[in-house]
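Text of coords11.cif (mmCIF, C-alpha atoms and all ligand atoms) as supplied:
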```
data_input
#
loop_
_atom_site.label_atom_id
_atom_site.label_comp_id
_atom_site.auth_asym_id
_atom_site.auth_seq_id
_atom_site.Cartn_x
_atom_site.Cartn_y
_atom_site.Cartn_z
CA MET A 617 -143.48 -101.47 198.90
CA LEU A 618 -139.79 -102.20 198.26
CA ASP A 619 -137.82 -100.75 195.37
CA ASN A 620 -135.13 -102.66 193.48
CA HIS A 621 -132.59 -101.65 196.12
CA HIS A 622 -134.61 -103.09 199.04
CA ARG A 623 -135.71 -99.70 200.35
CA ILE A 624 -139.21 -99.23 201.71
CA VAL A 625 -140.79 -96.37 199.76
CA ASN A 626 -143.65 -94.94 201.81
CA TYR A 627 -143.34 -91.16 201.50
CA LEU A 628 -144.69 -88.94 198.72
CA ARG A 629 -143.76 -85.29 198.32
CA LEU A 630 -146.59 -83.71 196.41
CA SER A 631 -146.00 -80.36 194.72
CA VAL A 632 -149.33 -78.57 194.42
CA THR A 633 -148.00 -75.63 192.41
CA ASP A 634 -144.75 -74.38 190.93
CA ARG A 635 -145.64 -70.78 191.80
CA CYS A 636 -144.05 -69.01 194.73
CA ASN A 637 -144.39 -65.60 196.35
CA LEU A 638 -140.70 -65.45 197.33
CA ARG A 639 -137.62 -65.31 195.11
CA CYS A 640 -134.99 -67.06 197.25
CA VAL A 641 -131.52 -66.54 195.85
CA TYR A 642 -130.87 -70.29 195.50
CA CYS A 643 -134.21 -71.12 193.95
CA ILE A 644 -135.90 -68.56 191.64
CA PRO A 645 -134.29 -65.59 189.87
CA GLU A 646 -135.36 -62.09 190.83
CA GLU A 647 -137.23 -61.57 187.58
CA GLY A 648 -139.10 -64.85 188.07
CA ILE A 649 -139.22 -67.78 185.67
CA PRO A 650 -141.89 -68.91 183.24
CA PHE A 651 -144.29 -70.82 185.43
CA MET A 652 -146.17 -73.84 184.12
CA PRO A 653 -149.36 -73.01 182.22
CA HIS A 654 -152.40 -73.62 184.44
CA ARG A 655 -153.74 -76.38 182.17
CA GLU A 656 -150.50 -78.35 182.72
CA ILE A 657 -150.86 -78.35 186.49
CA LEU A 658 -152.79 -81.23 188.00
CA THR A 659 -156.25 -80.38 189.24
CA TYR A 660 -156.92 -81.20 192.88
CA GLU A 661 -159.21 -83.98 191.67
CA GLU A 662 -156.32 -85.49 189.68
CA MET A 663 -153.97 -85.19 192.64
CA LEU A 664 -156.42 -86.99 194.91
CA ARG A 665 -156.78 -89.85 192.45
CA LEU A 666 -153.00 -90.21 192.09
CA VAL A 667 -152.51 -90.12 195.87
CA GLU A 668 -155.10 -92.88 196.26
CA LEU A 669 -153.23 -94.99 193.71
CA CYS A 670 -149.89 -94.27 195.42
CA ILE A 671 -151.42 -95.47 198.70
CA LEU A 672 -152.18 -98.77 196.98
CA GLN A 673 -148.43 -98.97 196.25
CA GLY A 674 -147.47 -98.42 199.89
CA ILE A 675 -147.35 -94.65 200.35
CA ARG A 676 -148.28 -93.78 203.97
CA LYS A 677 -147.07 -90.21 204.31
CA VAL A 678 -147.69 -87.20 202.08
CA ARG A 679 -145.84 -83.92 202.35
CA LEU A 680 -147.47 -81.00 200.56
CA THR A 681 -144.95 -78.69 198.97
CA GLY A 682 -144.32 -76.54 195.92
CA GLY A 683 -143.61 -73.75 194.87
CA GLU A 684 -145.51 -72.32 197.75
CA PRO A 685 -148.56 -74.48 198.51
CA LEU A 686 -150.43 -71.71 200.32
CA VAL A 687 -150.58 -69.54 197.18
CA ARG A 688 -152.74 -72.02 195.28
CA LYS A 689 -156.46 -71.19 195.31
CA GLY A 690 -158.69 -73.74 197.00
CA PHE A 691 -155.79 -75.31 198.86
CA ILE A 692 -157.59 -75.68 202.19
CA ALA A 693 -160.58 -77.42 200.63
CA PHE A 694 -158.14 -79.80 198.93
CA VAL A 695 -156.34 -80.51 202.20
CA GLN A 696 -159.68 -81.23 203.88
CA ARG A 697 -160.36 -83.90 201.28
CA LEU A 698 -156.81 -85.26 201.35
CA CYS A 699 -156.96 -85.63 205.13
CA LYS A 700 -160.04 -87.83 204.75
CA THR A 701 -158.22 -90.20 202.40
CA GLU A 702 -158.01 -93.69 203.89
CA GLY A 703 -154.57 -95.17 204.30
CA LEU A 704 -152.48 -92.09 205.03
CA GLU A 705 -150.79 -92.01 208.44
CA GLU A 706 -149.25 -88.55 208.11
CA ILE A 707 -149.95 -85.45 206.07
CA THR A 708 -147.47 -82.62 206.51
CA LEU A 709 -146.84 -79.28 204.85
CA THR A 710 -143.75 -77.32 203.88
CA THR A 711 -144.34 -73.59 203.53
CA ASN A 712 -142.39 -70.36 203.42
CA GLY A 713 -144.78 -69.11 206.12
CA VAL A 714 -145.85 -65.89 204.40
CA PHE A 715 -149.56 -66.86 204.49
CA LEU A 716 -149.34 -69.11 207.51
CA LYS A 717 -150.94 -66.65 209.89
CA ASP A 718 -154.09 -66.70 207.75
CA PHE A 719 -154.22 -70.47 207.28
CA ALA A 720 -152.70 -72.07 210.39
CA ARG A 721 -156.04 -72.61 212.16
CA ALA A 722 -157.70 -74.09 209.08
CA LEU A 723 -154.73 -76.38 208.44
CA ARG A 724 -154.85 -77.60 212.01
CA ASP A 725 -158.60 -78.21 211.77
CA CYS A 726 -158.13 -80.20 208.55
CA GLY A 727 -155.76 -82.59 210.33
CA ILE A 728 -152.35 -81.60 208.99
CA CYS A 729 -149.92 -83.29 211.39
CA ARG A 730 -146.93 -81.01 211.14
CA ILE A 731 -145.66 -77.90 209.46
CA ASN A 732 -142.16 -77.12 208.23
CA VAL A 733 -141.41 -73.46 207.75
CA SER A 734 -138.44 -72.47 205.63
CA MET A 735 -136.59 -69.70 207.42
CA ASP A 736 -132.93 -69.13 206.60
CA THR A 737 -132.35 -66.17 208.87
CA LEU A 738 -133.52 -64.56 212.10
CA LYS A 739 -132.65 -61.07 210.81
CA PRO A 740 -135.24 -59.04 208.88
CA ASP A 741 -132.68 -57.27 206.64
CA ARG A 742 -131.04 -60.49 205.72
CA PHE A 743 -134.42 -62.08 205.07
CA ARG A 744 -134.96 -59.41 202.41
CA LEU A 745 -131.60 -60.21 200.81
CA ILE A 746 -132.19 -63.96 200.74
CA THR A 747 -135.85 -64.00 199.67
CA ARG A 748 -135.91 -60.67 197.79
CA ARG A 749 -139.17 -59.91 199.60
CA ASP A 750 -140.04 -57.97 202.70
CA ASP A 751 -142.08 -60.61 204.50
CA TYR A 752 -139.98 -61.35 207.59
CA ASP A 753 -142.64 -60.15 210.03
CA ARG A 754 -145.39 -62.09 208.31
CA VAL A 755 -143.36 -65.31 208.47
CA HIS A 756 -142.54 -64.68 212.09
CA GLU A 757 -146.21 -64.06 212.91
CA GLY A 758 -147.13 -67.16 210.90
CA ILE A 759 -144.83 -69.32 213.02
CA GLU A 760 -146.28 -67.84 216.22
CA GLU A 761 -149.82 -68.48 215.00
CA ALA A 762 -148.96 -72.07 214.06
CA GLU A 763 -147.63 -72.56 217.58
CA ARG A 764 -150.71 -70.90 219.08
CA VAL A 765 -153.15 -73.19 217.24
CA GLY A 766 -151.25 -76.21 218.52
CA PHE A 767 -148.75 -77.33 215.90
CA ASN A 768 -146.02 -79.07 217.83
CA PRO A 769 -143.30 -79.48 216.90
CA ILE A 770 -142.80 -76.76 214.36
CA LYS A 771 -139.90 -77.53 212.09
CA LEU A 772 -137.72 -74.78 210.74
CA ASN A 773 -135.77 -75.52 207.55
CA VAL A 774 -132.54 -73.58 207.33
CA VAL A 775 -130.35 -73.74 204.21
CA ALA A 776 -126.84 -73.13 205.54
CA MET A 777 -124.80 -70.90 203.22
CA ARG A 778 -121.26 -69.72 203.88
CA GLY A 779 -120.93 -65.98 203.89
CA ILE A 780 -124.71 -65.56 203.85
CA ASN A 781 -126.20 -66.96 207.05
CA ASP A 782 -123.54 -69.21 208.61
CA ASP A 783 -122.99 -66.68 211.38
CA GLU A 784 -126.52 -67.58 212.56
CA ILE A 785 -125.98 -71.33 212.91
CA LEU A 786 -125.50 -71.05 216.67
CA ASP A 787 -128.49 -68.69 217.02
CA PHE A 788 -130.70 -71.26 215.34
CA ALA A 789 -129.24 -73.99 217.55
CA ARG A 790 -129.88 -71.89 220.69
CA LEU A 791 -133.45 -71.38 219.55
CA THR A 792 -134.06 -75.09 220.24
CA ARG A 793 -133.31 -74.34 223.90
CA GLU A 794 -135.82 -71.52 224.04
CA LYS A 795 -138.57 -73.14 221.96
CA PRO A 796 -139.63 -76.71 221.23
CA TYR A 797 -138.75 -76.16 217.56
CA HIS A 798 -137.05 -78.72 215.36
CA VAL A 799 -134.39 -76.82 213.44
CA ARG A 800 -133.15 -78.68 210.37
CA PHE A 801 -130.00 -77.54 208.61
CA ILE A 802 -130.10 -78.34 204.90
CA GLU A 803 -127.05 -78.36 202.68
CA LEU A 804 -127.17 -75.95 199.77
CA MET A 805 -127.96 -78.02 196.69
CA PRO A 806 -127.03 -77.38 193.05
CA VAL A 807 -130.62 -77.47 191.97
CA GLY A 808 -133.06 -74.94 190.61
CA SER A 809 -133.14 -72.20 188.06
CA GLU A 810 -130.65 -70.32 190.20
CA ASN A 811 -128.18 -73.15 189.66
CA GLY A 812 -125.37 -70.63 189.33
CA PHE A 813 -125.86 -69.65 192.96
CA TRP A 814 -124.31 -72.91 194.13
CA THR A 815 -120.55 -72.68 194.56
CA ALA A 816 -118.13 -74.78 196.55
CA GLU A 817 -117.39 -71.69 198.67
CA ARG A 818 -121.02 -71.17 199.66
CA PHE A 819 -121.57 -74.86 200.35
CA ILE A 820 -121.24 -75.90 204.02
CA PRO A 821 -121.17 -79.63 204.75
CA SER A 822 -123.49 -80.78 207.52
CA LYS A 823 -120.48 -82.08 209.45
CA GLU A 824 -119.15 -78.54 209.76
CA VAL A 825 -122.52 -77.26 211.00
CA PHE A 826 -122.59 -80.15 213.49
CA ASP A 827 -119.06 -79.37 214.73
CA ARG A 828 -119.85 -75.70 215.17
CA ILE A 829 -122.98 -76.48 217.20
CA GLN A 830 -121.03 -78.80 219.48
CA ARG A 831 -119.34 -75.70 220.84
CA LEU A 832 -122.66 -74.98 222.59
CA GLY A 833 -122.95 -78.39 224.20
CA SER A 834 -123.17 -82.06 223.34
CA LEU A 835 -125.54 -83.37 220.70
CA THR A 836 -127.32 -86.61 221.54
CA PRO A 837 -128.62 -88.70 218.61
CA ILE A 838 -132.32 -89.51 218.37
CA GLY A 839 -133.46 -92.83 216.88
CA ARG A 840 -135.18 -93.01 213.50
CA THR A 841 -138.80 -93.97 212.85
CA PRO A 842 -139.95 -95.74 209.65
CA LEU A 843 -141.60 -92.58 208.29
CA ASP A 844 -138.59 -90.37 208.96
CA GLY A 845 -136.98 -88.56 206.07
CA PRO A 846 -133.22 -88.22 205.58
CA SER A 847 -132.63 -85.92 208.54
CA GLU A 848 -130.05 -87.04 211.15
CA ARG A 849 -131.69 -85.93 214.39
CA TYR A 850 -130.08 -84.78 217.65
CA THR A 851 -130.91 -82.91 220.82
CA LEU A 852 -128.60 -80.25 222.14
CA ASP A 853 -127.94 -80.28 225.89
CA GLY A 854 -130.75 -78.54 227.71
CA ALA A 855 -132.89 -78.16 224.59
CA ARG A 856 -136.67 -78.35 224.34
CA GLY A 857 -136.49 -78.94 220.60
CA GLU A 858 -134.27 -80.86 218.19
CA ILE A 859 -131.62 -80.22 215.61
CA GLY A 860 -131.57 -82.12 212.32
CA PHE A 861 -128.97 -82.30 209.58
CA ILE A 862 -129.89 -82.99 205.98
CA GLY A 863 -126.61 -83.74 204.29
CA ALA A 864 -128.03 -83.92 200.81
CA LEU A 865 -124.63 -83.79 199.16
CA SER A 866 -121.99 -84.72 201.67
CA HIS A 867 -123.72 -87.48 203.52
CA HIS A 868 -125.08 -90.13 201.24
CA PHE A 869 -128.44 -90.76 202.75
CA CYS A 870 -129.70 -92.44 199.58
CA ALA A 871 -129.59 -95.89 201.21
CA ASN A 872 -132.37 -94.75 203.57
CA CYS A 873 -134.33 -92.71 201.02
CA ASN A 874 -138.03 -93.54 201.27
CA ARG A 875 -139.38 -90.84 198.93
CA LEU A 876 -141.14 -90.33 195.68
CA ARG A 877 -142.00 -86.90 194.30
CA LEU A 878 -145.01 -85.94 192.26
CA THR A 879 -144.41 -82.72 190.35
CA ALA A 880 -147.13 -80.10 189.97
CA ASP A 881 -147.52 -81.17 186.33
CA GLY A 882 -148.05 -84.80 187.25
CA HIS A 883 -144.66 -86.46 186.77
CA LEU A 884 -143.45 -89.00 189.30
CA ARG A 885 -139.75 -88.81 190.21
CA GLY A 886 -137.74 -91.27 192.24
CA CYS A 887 -134.99 -88.77 193.03
CA LEU A 888 -134.68 -85.01 193.23
CA PHE A 889 -131.51 -85.11 191.15
CA SER A 890 -132.47 -87.69 188.55
CA GLU A 891 -133.87 -86.55 185.23
CA GLU A 892 -135.92 -89.75 185.09
CA GLU A 893 -139.63 -89.01 185.41
CA THR A 894 -142.80 -90.92 184.70
CA ASP A 895 -145.63 -88.93 183.16
CA LEU A 896 -148.84 -89.84 185.01
CA LYS A 897 -150.87 -86.87 183.85
CA THR A 898 -151.14 -87.88 180.18
CA PRO A 899 -152.55 -91.35 180.84
CA LEU A 900 -154.79 -89.88 183.53
CA ARG A 901 -156.22 -87.35 181.08
CA GLU A 902 -156.50 -89.99 178.35
CA GLY A 903 -158.87 -91.83 180.66
CA ARG A 904 -156.62 -94.83 181.35
CA ASP A 905 -157.88 -97.15 184.08
CA ASP A 906 -156.42 -97.50 187.57
CA GLY A 907 -154.56 -100.71 186.69
CA TYR A 908 -152.64 -98.96 183.93
CA ILE A 909 -151.60 -96.06 186.14
CA LEU A 910 -150.78 -98.36 189.04
CA ASP A 911 -148.35 -100.20 186.77
CA LEU A 912 -146.63 -96.90 185.94
CA ILE A 913 -146.37 -95.99 189.62
CA ARG A 914 -145.02 -99.43 190.53
CA HIS A 915 -142.45 -99.24 187.74
CA SER A 916 -141.31 -95.75 188.82
CA LEU A 917 -141.06 -96.86 192.42
CA GLU A 918 -139.11 -100.02 191.63
CA GLU A 919 -136.74 -98.09 189.36
CA LYS A 920 -135.98 -95.44 191.98
CA PRO A 921 -132.28 -94.60 191.44
CA ALA A 922 -129.89 -96.23 193.90
CA ASN A 923 -128.31 -92.85 194.65
CA HIS A 924 -128.31 -89.29 193.40
CA GLY A 925 -124.79 -89.58 192.00
CA LEU A 926 -123.71 -86.19 193.27
CA MET A 927 -120.21 -85.71 194.53
CA GLU A 928 -119.64 -83.25 197.24
CA LEU A 929 -117.61 -80.65 195.41
CA GLN A 930 -118.24 -81.43 191.76
CA PRO A 931 -121.99 -81.57 191.73
CA ARG A 932 -123.96 -82.33 188.65
CA LYS A 933 -126.52 -79.62 188.17
CA CYS A 934 -130.16 -80.48 188.08
CA THR A 935 -132.05 -78.91 185.20
CA ARG A 936 -135.64 -78.81 186.44
CA SER A 937 -136.06 -76.13 189.04
CA MET A 938 -136.77 -76.88 192.69
CA ASN A 939 -140.08 -75.05 192.65
CA GLY A 940 -141.11 -77.17 189.66
CA ILE A 941 -140.14 -80.49 191.20
CA GLY A 942 -141.37 -79.69 194.67
CA GLY A 943 -138.66 -79.12 197.23
N1 LIG B 1 -142.33 -72.83 199.45
C1 LIG B 1 -142.14 -73.89 200.38
C2 LIG B 1 -141.02 -73.54 201.33
O1 LIG B 1 -140.48 -72.44 201.27
O2 LIG B 1 -140.71 -74.37 202.19
C3 LIG B 1 -141.92 -75.27 199.76
C4 LIG B 1 -141.00 -75.37 198.59
S1 LIG B 1 -139.30 -75.01 198.86
C5 LIG B 1 -138.66 -75.36 197.27
C6 LIG B 1 -138.84 -76.38 199.87
C7 LIG B 1 -137.49 -76.31 200.53
O3 LIG B 1 -136.49 -76.41 199.56
C8 LIG B 1 -137.23 -75.02 201.30
O4 LIG B 1 -136.86 -75.33 202.60
C9 LIG B 1 -136.09 -74.39 200.55
O5 LIG B 1 -135.24 -73.67 201.40
C10 LIG B 1 -135.41 -75.62 199.98
N2 LIG B 1 -134.56 -75.33 198.83
C11 LIG B 1 -134.89 -74.76 197.66
N3 LIG B 1 -133.82 -74.66 196.85
C12 LIG B 1 -132.77 -75.20 197.53
C13 LIG B 1 -131.39 -75.40 197.25
N4 LIG B 1 -130.86 -75.02 196.09
N5 LIG B 1 -130.63 -75.99 198.18
C14 LIG B 1 -131.17 -76.38 199.37
N6 LIG B 1 -132.46 -76.23 199.70
C15 LIG B 1 -133.26 -75.64 198.79
#
```
In structure tokens, how does this file's structure come out?
Ligand code: SAM
Amino acid sequence: MLDNHHRIVNYLRLSVTDRCNLRCVYCIPEEGIPFMPHREILTYEEMLRLVELCILQGIRKVRLTGGEPLVRKGFIAFVQRLCKTEGLEEITLTTNGVFLKDFARALRDCGICRINVSMDTLKPDRFRLITRRDDYDRVHEGIEEAERVGFNPIKLNVVAMRGINDDEILDFARLTREKPYHVRFIELMPVGSENGFWTAERFIPSKEVFDRIQRLGSLTPIGRTPLDGPSERYTLDGARGEIGFIGALSHHFCANCNRLRLTADGHLRGCLFSEEETDLKTPLREGRDDGYILDLIRHSLEEKPANHGLMELQPRKCTRSMNGIGG
């Protein structure tokens, strides 16, 4: 389905919970934030119905996210049902990896195609500083288990932050020579309840990350596929894996944006940074029929903002937090 700016919208990021077991410095404050009351969060049944309706509007790929999806009770049973839904070509998961060791096998058996693990550092002490939790070993073991049960490739999401982990950019790049991992560098975004964490000094444009990695060898571009997200993909000389750059702020990828987001409390968003949302939960719970909700989805999709309107160094801050929207 095309939006009003002639983009094919085929990718839904579905947040299954706003709760998370980490407290990453750019996302959730140390003391936590008021999470959504349970009754406000969509039931799995409601999510499945909305996904089916989104498929009728052209969605072909679902990424499960949060919060941390693996902390929600009954998640595996939900994924089993989601994977049986007709019309989806890809179901993927983004996780912080803390519970991955326990669930990797079950996720693989359900039919999850790929897993992204968020991992901003390869140093245990630094992991504690960034996430305010002591789970480095568990995440590491989770990644190994995911590899062992056959997930390939495993994608690692790295938020590049000056003065925090930028001295590890080359280590992450080298990792793609050792392992078939897809490392994706994400620009630090002014989003989330830790909005104050974003500063121009901490922000590193993707171009700078790219230039630094070129010191290791040349980067060869990889072509895009229709279900690809906004990552610009490359292989480093001699690598088994890939390196991706998600220039959320500096590189206006909005013209290729194919995404919708469904928040854990059932609001459909056309853009991470737009405050525009369509409430699907209320009509769903009022017992409205499929046609009514399909119209709301179609409208939200067509009205997807042309761009996120952020400028590189004077970013507008986004009020809803990342864990609430679904990162
Ligand atoms: N808990 C899961 C995880 O850790 O991947 C899924 C949710 S998390 C919000 C999704 C992604 O958003 C993570 O890769 C995280 O690093 C990223 N993220 C959160 N806040 C961010 C920010 N302010 N700037 C850039 N990336 C951010």
Next on the checklist: Neighbours of ligand LIG 1 (chain B) at 9 Å or closer, counting all atoms listed in the file: which residues, as a PyMOL selection string?
Outcome noted: chain A and resi 631+634-638+640-644+680-686+709-713+732-736+772-776+802-811+813-814+864+937-943
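Residue neighbourhood of A:Pro821, excluding near-sequence residues (fewer than 5 positions): Val775, Ala776, Met777, Arg778, Asp782, Phe801, Ile802, Glu803, Leu804, Met805, Ala816, Phe826, Asp827, Arg828, Phe861, Ile862, Gly863, Ala864, Leu865, Ser866, His867, His868, Met927, Glu928 and Leu929 of chain A, at 12 Å, using only C-alpha atoms.
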Checklist outcome for this item: Counting all atoms listed in the file, the residue among A:Pro921, A:Gly758, A:Pro645, A:Gly882 that lies closest to A:Met663 is A:Gly882
Item to check | Option closest in space to A:Ile624, from A:Arg744, A:Arg688, A:Lys920, A:Arg831 [counting all atoms listed in the file] | outcome: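 Distance minimum relative to A:Ile624 lands on A:Lys920.
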Checklist entry - Between atom CA of A:Val625 and atom CA of A:Ile675, what is the spacing in Å? => result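 Going from atom CA of A:Ile675 over to atom CA of A:Val625 covers 6.8 Å.
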Contacts of A:Thr792 at 7 Å or less, counting all atoms listed in the file, minus same-chain residues fewer than 4 places along, as a short mmCIF file (atom, residue, chain, number, x, y, z; two decimals) with C-alpha atoms, keeping the file's coordinate frame?
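Saved result, around-v3.cif, follows:
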```cif
data_model
loop_
_atom_site.label_atom_id
_atom_site.label_comp_id
_atom_site.auth_asym_id
_atom_site.auth_seq_id
_atom_site.Cartn_x
_atom_site.Cartn_y
_atom_site.Cartn_z
CA PRO A 796 -139.63 -76.71 221.23
CA TYR A 797 -138.75 -76.16 217.56
CA HIS A 798 -137.05 -78.72 215.36
CA ALA A 855 -132.89 -78.16 224.59
CA ARG A 856 -136.67 -78.35 224.34
CA GLY A 857 -136.49 -78.94 220.60
CA GLU A 858 -134.27 -80.86 218.19
#
```
Checklist entry - Rounded to one decimal in Å, what is the spacing between atom CA of A:Asp718 and atom CA of A:Glu761? => result 8.6 Å
Checklist entry - atom CA of A:Ala720 and atom CA of A:Arg655, how far apart in Å? => result 28.6 Å
Item to check | Protein, DNA and RNA residues within 8 Å of (-129.5, -87.2, 215.0), all atoms listed in the file, as a ChimeraX atom specification | outcome: /A:835-839,847-851,859-861
Item to check | Who sits within 10 Å of stretch 764-766 of chain A, only C-alpha atoms, same chain under 3 positions skipped, as a PyMOL selection string | outcome: chain A and resi 720-725+730+758-761+769-770
Item to check | Nearest residue to A:Phe767 from the set A:Leu912, A:Phe889, A:Glu706, A:Gly727 (distances using all atoms listed in the file) | outcome: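 Closest candidate: A:Gly727.
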Checklist entry - Which polymer residues have any atom within 10 Å of an atom of A:Asp881, counting all atoms listed in the file, with same-chain residues fewer than 2 positions away left out, as JSON, numbers by chain? => result {"A": [631, 632, 633, 634, 652, 653, 654, 655, 656, 657, 658, 659, 663, 878, 879, 883, 884, 895, 896, 897, 898, 940, 941]}
